[in-house]
Amino acid sequence: MPSESLQGKNIEQPKVAIEIAKLEDWEDYKKIRLEAIEKNPEAFALDPENLRQEIYKRDRQWKETLKDPNVMVFLLREGKDAKGLAITKHKPDIEEGFWRIYHVYVSASLRGKGAGEKLMTEALEKIKERGGKKVWLNIMGNPEQSPARNLYQKLGFIKSKEVYEKSGKKLYFMQKELKE
Ligand SMILES: CC(C)(COP(=O)(O)OP(=O)(O)OC[C@H]1O[C@@H](n2cnc3c(N)ncnc32)[C@H](O)[C@@H]1OP(=O)(O)O)[C@@H](O)C(=O)NCCC(=O)NCCS
């Protein structure tokens with residue numbers, strides 16, 4: 001008699017936790033971001049110069065991001081290991097309550113099990129708690145980005161009509177209004 005999990009029910013969910021990185025987490029933040037640009041460079045609009053700057057960032061620069069009062073860096077952990085990342089930044093210079101999300105990434109071993117959705121939902125929740133009203137992110141136009149595109153659409157992000165070009169690649173933005 002096959003077990004329920006073999007029939008596709010009760011599929012085991014990975015035990016993951018989401019946290020806002022503190023200064024002492026800077027090495028985990030660095031590790032997971034470097035993994036993201038190594039494994040999925042196509043997901044991020046990086047030209048060779050951007051890539052070089054990120055790879056050779058000094059330790060103090062990783063720490064500076066974590067010290068920025070307008071930034072929340074979300075780490076997704078499986079046990080102690082950092083397995084996912086999302087960076088959020090308040091941009092009051094553009095508009096009060098306007099936030100950007102960058103560098104969304106989940107390690108390949110955890111994909112397709114709800115980790116990315118959990119990470120993004122938590123990030124949106126915390127942005128709202130901080131008074132966020134509108135959230136923007138960029139997404140590359142290449143077909144490999146359909147998992148990310150679907151994820152953002154599922155969470156209520158709406159795709160822009162305008163297409164931009166950065167580092168010779170097409171990208172567009174997606175936007176979500178955070179309701180009271
Ligand atoms: C995009 C990414 C973060 C998604 O993480 P994930 O943990 O696999 O996503 P989840 O399992 O939580 O899936 C949530 C939703 O995303 C979409 N999705 C995820 N994987 C998908 C796939 N392979 N194909 C199509 N849609 C997919 C679905 O809408 C899914 O909801 P559903 O399960 O109800 O269908 C992950 O694929 C990733 O890190 N990719 C490489 C980096 C990247 O592209 N970053 C985004 C930069 S903008």
# chains A, B, ... in the order shown; residues from 1 in each chain; ligands from 1

$ residues_around --residues "Lys118 in chain A" --least-positions-apart "2" --cutoff "9 Å" --atoms "only C-alpha atoms" --output "number ranges by chain"
A: 16-18, 76, 114-116, 120-123

$ write_last_selection --atoms "C-alpha atoms" --output "mmCIF file, in the first residue's frame"
data_model
loop_
_atom_site.group_PDB
_atom_site.id
_atom_site.type_symbol
_atom_site.label_atom_id
_atom_site.label_comp_id
_atom_site.auth_asym_id
_atom_site.auth_seq_id
_atom_site.Cartn_x
_atom_site.Cartn_y
_atom_site.Cartn_z
ATOM 1 C CA VAL A 16 12.782 26.887 6.522
ATOM 2 C CA ALA A 17 12.843 30.058 8.552
ATOM 3 C CA ILE A 18 12.939 33.651 7.373
ATOM 4 C CA LEU A 76 15.888 32.205 4.274
ATOM 5 C CA GLY A 114 7.022 27.104 -1.413
ATOM 6 C CA ALA A 115 10.229 28.647 -0.027
ATOM 7 C CA GLY A 116 10.301 31.587 -2.458
ATOM 8 C CA MET A 120 8.443 37.128 -0.458
ATOM 9 C CA THR A 121 5.293 37.014 1.684
ATOM 10 C CA GLU A 122 7.337 37.677 4.802
ATOM 11 C CA ALA A 123 9.228 40.519 3.111
#

$ residues_near_ligand --ligand "ligand 1" --cutoff "7 Å" --atoms "only C-alpha atoms and all ligand atoms" --output "number ranges by chain"
A: 36, 40, 43-44, 103-108, 110-118, 138-140, 145-148, 150-151, 154

$ select_by_dssp --residues "range 37-120 of chain A" --states "helix (DSSP H, G or I)" --output "PDB file with N, CA and C atoms, in the first residue's frame"
ATOM      1  N   ILE A  37      24.695  34.942  -7.822  1.00  0.00           N
ATOM      2  CA  ILE A  37      25.253  35.477  -9.070  1.00  0.00           C
ATOM      3  C   ILE A  37      26.132  34.454  -9.784  1.00  0.00           C
ATOM      4  N   GLU A  38      26.613  33.465  -9.027  1.00  0.00           N
ATOM      5  CA  GLU A  38      27.373  32.402  -9.691  1.00  0.00           C
ATOM      6  C   GLU A  38      26.432  31.428 -10.417  1.00  0.00           C
ATOM      7  N   LYS A  39      25.363  31.015  -9.716  1.00  0.00           N
ATOM      8  CA  LYS A  39      24.479  29.969 -10.271  1.00  0.00           C
ATOM      9  C   LYS A  39      23.445  30.520 -11.246  1.00  0.00           C
ATOM     10  N   PRO A  41      23.330  33.912 -12.949  1.00  0.00           N
ATOM     11  CA  PRO A  41      23.654  35.293 -13.354  1.00  0.00           C
ATOM     12  C   PRO A  41      22.608  35.874 -14.298  1.00  0.00           C
ATOM     13  N   GLU A  42      21.921  34.995 -15.053  1.00  0.00           N
ATOM     14  CA  GLU A  42      20.923  35.484 -16.033  1.00  0.00           C
ATOM     15  C   GLU A  42      19.721  36.152 -15.354  1.00  0.00           C
ATOM     16  N   ALA A  43      19.561  35.903 -14.034  1.00  0.00           N
ATOM     17  CA  ALA A  43      18.389  36.446 -13.338  1.00  0.00           C
ATOM     18  C   ALA A  43      18.588  37.905 -12.921  1.00  0.00           C
ATOM     19  N   PRO A  48      29.577  42.836 -17.027  1.00  0.00           N
ATOM     20  CA  PRO A  48      30.825  42.333 -16.431  1.00  0.00           C
ATOM     21  C   PRO A  48      31.382  43.241 -15.338  1.00  0.00           C
ATOM     22  N   GLU A  49      31.181  44.545 -15.492  1.00  0.00           N
ATOM     23  CA  GLU A  49      31.703  45.472 -14.480  1.00  0.00           C
ATOM     24  C   GLU A  49      30.906  45.352 -13.164  1.00  0.00           C
ATOM     25  N   ASN A  50      29.555  45.268 -13.274  1.00  0.00           N
ATOM     26  CA  ASN A  50      28.732  45.075 -12.060  1.00  0.00           C
ATOM     27  C   ASN A  50      29.145  43.791 -11.360  1.00  0.00           C
ATOM     28  N   LEU A  51      29.358  42.764 -12.183  1.00  0.00           N
ATOM     29  CA  LEU A  51      29.699  41.442 -11.652  1.00  0.00           C
ATOM     30  C   LEU A  51      31.024  41.509 -10.880  1.00  0.00           C
ATOM     31  N   ARG A  52      31.981  42.183 -11.502  1.00  0.00           N
ATOM     32  CA  ARG A  52      33.302  42.313 -10.868  1.00  0.00           C
ATOM     33  C   ARG A  52      33.170  43.066  -9.543  1.00  0.00           C
ATOM     34  N   GLN A  53      32.357  44.130  -9.564  1.00  0.00           N
ATOM     35  CA  GLN A  53      32.207  44.930  -8.340  1.00  0.00           C
ATOM     36  C   GLN A  53      31.593  44.106  -7.215  1.00  0.00           C
ATOM     37  N   GLU A  54      30.626  43.256  -7.566  1.00  0.00           N
ATOM     38  CA  GLU A  54      29.968  42.453  -6.511  1.00  0.00           C
ATOM     39  C   GLU A  54      30.914  41.388  -5.981  1.00  0.00           C
ATOM     40  N   ILE A  55      31.594  40.716  -6.907  1.00  0.00           N
ATOM     41  CA  ILE A  55      32.466  39.611  -6.485  1.00  0.00           C
ATOM     42  C   ILE A  55      33.594  40.122  -5.589  1.00  0.00           C
ATOM     43  N   ASP A  59      34.579  43.435   2.672  1.00  0.00           N
ATOM     44  CA  ASP A  59      33.735  42.995   3.790  1.00  0.00           C
ATOM     45  C   ASP A  59      32.930  44.161   4.358  1.00  0.00           C
ATOM     46  N   ARG A  60      33.581  45.318   4.454  1.00  0.00           N
ATOM     47  CA  ARG A  60      32.867  46.457   5.040  1.00  0.00           C
ATOM     48  C   ARG A  60      31.671  46.875   4.187  1.00  0.00           C
ATOM     49  N   GLN A  61      31.751  46.629   2.868  1.00  0.00           N
ATOM     50  CA  GLN A  61      30.624  47.007   2.000  1.00  0.00           C
ATOM     51  C   GLN A  61      29.420  46.086   2.225  1.00  0.00           C
ATOM     52  N   TRP A  62      29.691  44.787   2.450  1.00  0.00           N
ATOM     53  CA  TRP A  62      28.577  43.879   2.776  1.00  0.00           C
ATOM     54  C   TRP A  62      27.923  44.333   4.080  1.00  0.00           C
ATOM     55  N   LYS A  63      28.775  44.719   5.025  1.00  0.00           N
ATOM     56  CA  LYS A  63      28.246  45.155   6.329  1.00  0.00           C
ATOM     57  C   LYS A  63      27.459  46.451   6.207  1.00  0.00           C
ATOM     58  N   GLU A  64      27.930  47.346   5.323  1.00  0.00           N
ATOM     59  CA  GLU A  64      27.248  48.639   5.184  1.00  0.00           C
ATOM     60  C   GLU A  64      25.786  48.471   4.787  1.00  0.00           C
ATOM     61  N   THR A  65      25.526  47.513   3.897  1.00  0.00           N
ATOM     62  CA  THR A  65      24.130  47.290   3.481  1.00  0.00           C
ATOM     63  C   THR A  65      23.285  46.937   4.694  1.00  0.00           C
ATOM     64  N   LEU A  66      23.832  46.099   5.570  1.00  0.00           N
ATOM     65  CA  LEU A  66      23.066  45.660   6.745  1.00  0.00           C
ATOM     66  C   LEU A  66      22.879  46.773   7.772  1.00  0.00           C
ATOM     67  N   LYS A  67      23.752  47.778   7.684  1.00  0.00           N
ATOM     68  CA  LYS A  67      23.640  48.900   8.642  1.00  0.00           C
ATOM     69  C   LYS A  67      22.678  49.976   8.142  1.00  0.00           C
ATOM     70  N   ALA A 108      18.828  26.111  -5.458  1.00  0.00           N
ATOM     71  CA  ALA A 108      18.142  25.157  -6.347  1.00  0.00           C
ATOM     72  C   ALA A 108      17.537  23.978  -5.582  1.00  0.00           C
ATOM     73  N   SER A 109      18.215  23.517  -4.528  1.00  0.00           N
ATOM     74  CA  SER A 109      17.745  22.325  -3.801  1.00  0.00           C
ATOM     75  C   SER A 109      16.392  22.570  -3.114  1.00  0.00           C
ATOM     76  N   LEU A 110      16.031  23.826  -2.913  1.00  0.00           N
ATOM     77  CA  LEU A 110      14.776  24.132  -2.193  1.00  0.00           C
ATOM     78  C   LEU A 110      13.648  24.609  -3.109  1.00  0.00           C
ATOM     79  N   ALA A 115       9.288  27.804  -0.785  1.00  0.00           N
ATOM     80  CA  ALA A 115      10.229  28.647  -0.027  1.00  0.00           C
ATOM     81  C   ALA A 115      10.238  30.086  -0.545  1.00  0.00           C
ATOM     82  N   GLY A 116      10.264  30.249  -1.869  1.00  0.00           N
ATOM     83  CA  GLY A 116      10.301  31.587  -2.458  1.00  0.00           C
ATOM     84  C   GLY A 116       9.050  32.385  -2.093  1.00  0.00           C
ATOM     85  N   GLU A 117       7.921  31.721  -2.121  1.00  0.00           N
ATOM     86  CA  GLU A 117       6.664  32.404  -1.781  1.00  0.00           C
ATOM     87  C   GLU A 117       6.689  32.841  -0.314  1.00  0.00           C
ATOM     88  N   LYS A 118       7.197  31.960   0.543  1.00  0.00           N
ATOM     89  CA  LYS A 118       7.275  32.286   1.966  1.00  0.00           C
ATOM     90  C   LYS A 118       8.205  33.498   2.200  1.00  0.00           C
ATOM     91  N   LEU A 119       9.327  33.475   1.518  1.00  0.00           N
ATOM     92  CA  LEU A 119      10.304  34.565   1.637  1.00  0.00           C
ATOM     93  C   LEU A 119       9.688  35.901   1.209  1.00  0.00           C
ATOM     94  N   MET A 120       9.038  35.895   0.059  1.00  0.00           N
ATOM     95  CA  MET A 120       8.443  37.128  -0.458  1.00  0.00           C
ATOM     96  C   MET A 120       7.263  37.590   0.401  1.00  0.00           C
TER      97      MET A 120
END

$ residues_around --residues "Tyr164 in chain A" --least-positions-apart "3" --cutoff "12 Å" --atoms "only C-alpha atoms" --output "list in words"
Ala45, Asn138, Ile139, Met140, Gly141, Ser160, Lys161, Ser167, Gly168, Lys169, Lys170, Leu171, Tyr172 and Phe173 of chain A

$ closest_residue --among "A:Glu125, A:Ile158, A:Gln13, A:Leu85" --to "Lys179 in chain A" --atoms "only C-alpha atoms"
A:Glu125

$ atom_distance --atom1 "CA of Val71 in chain A" --atom2 "CA of Asn142 in chain A"
27.8 Å

$ atom_distance --atom1 "CA of Lys134 in chain A" --atom2 "CA of Asp25 in chain A"
27.6 Å

$ atom_distance --atom1 "CA of Leu155 in chain A" --atom2 "CA of Val135 in chain A"
11.5 Å
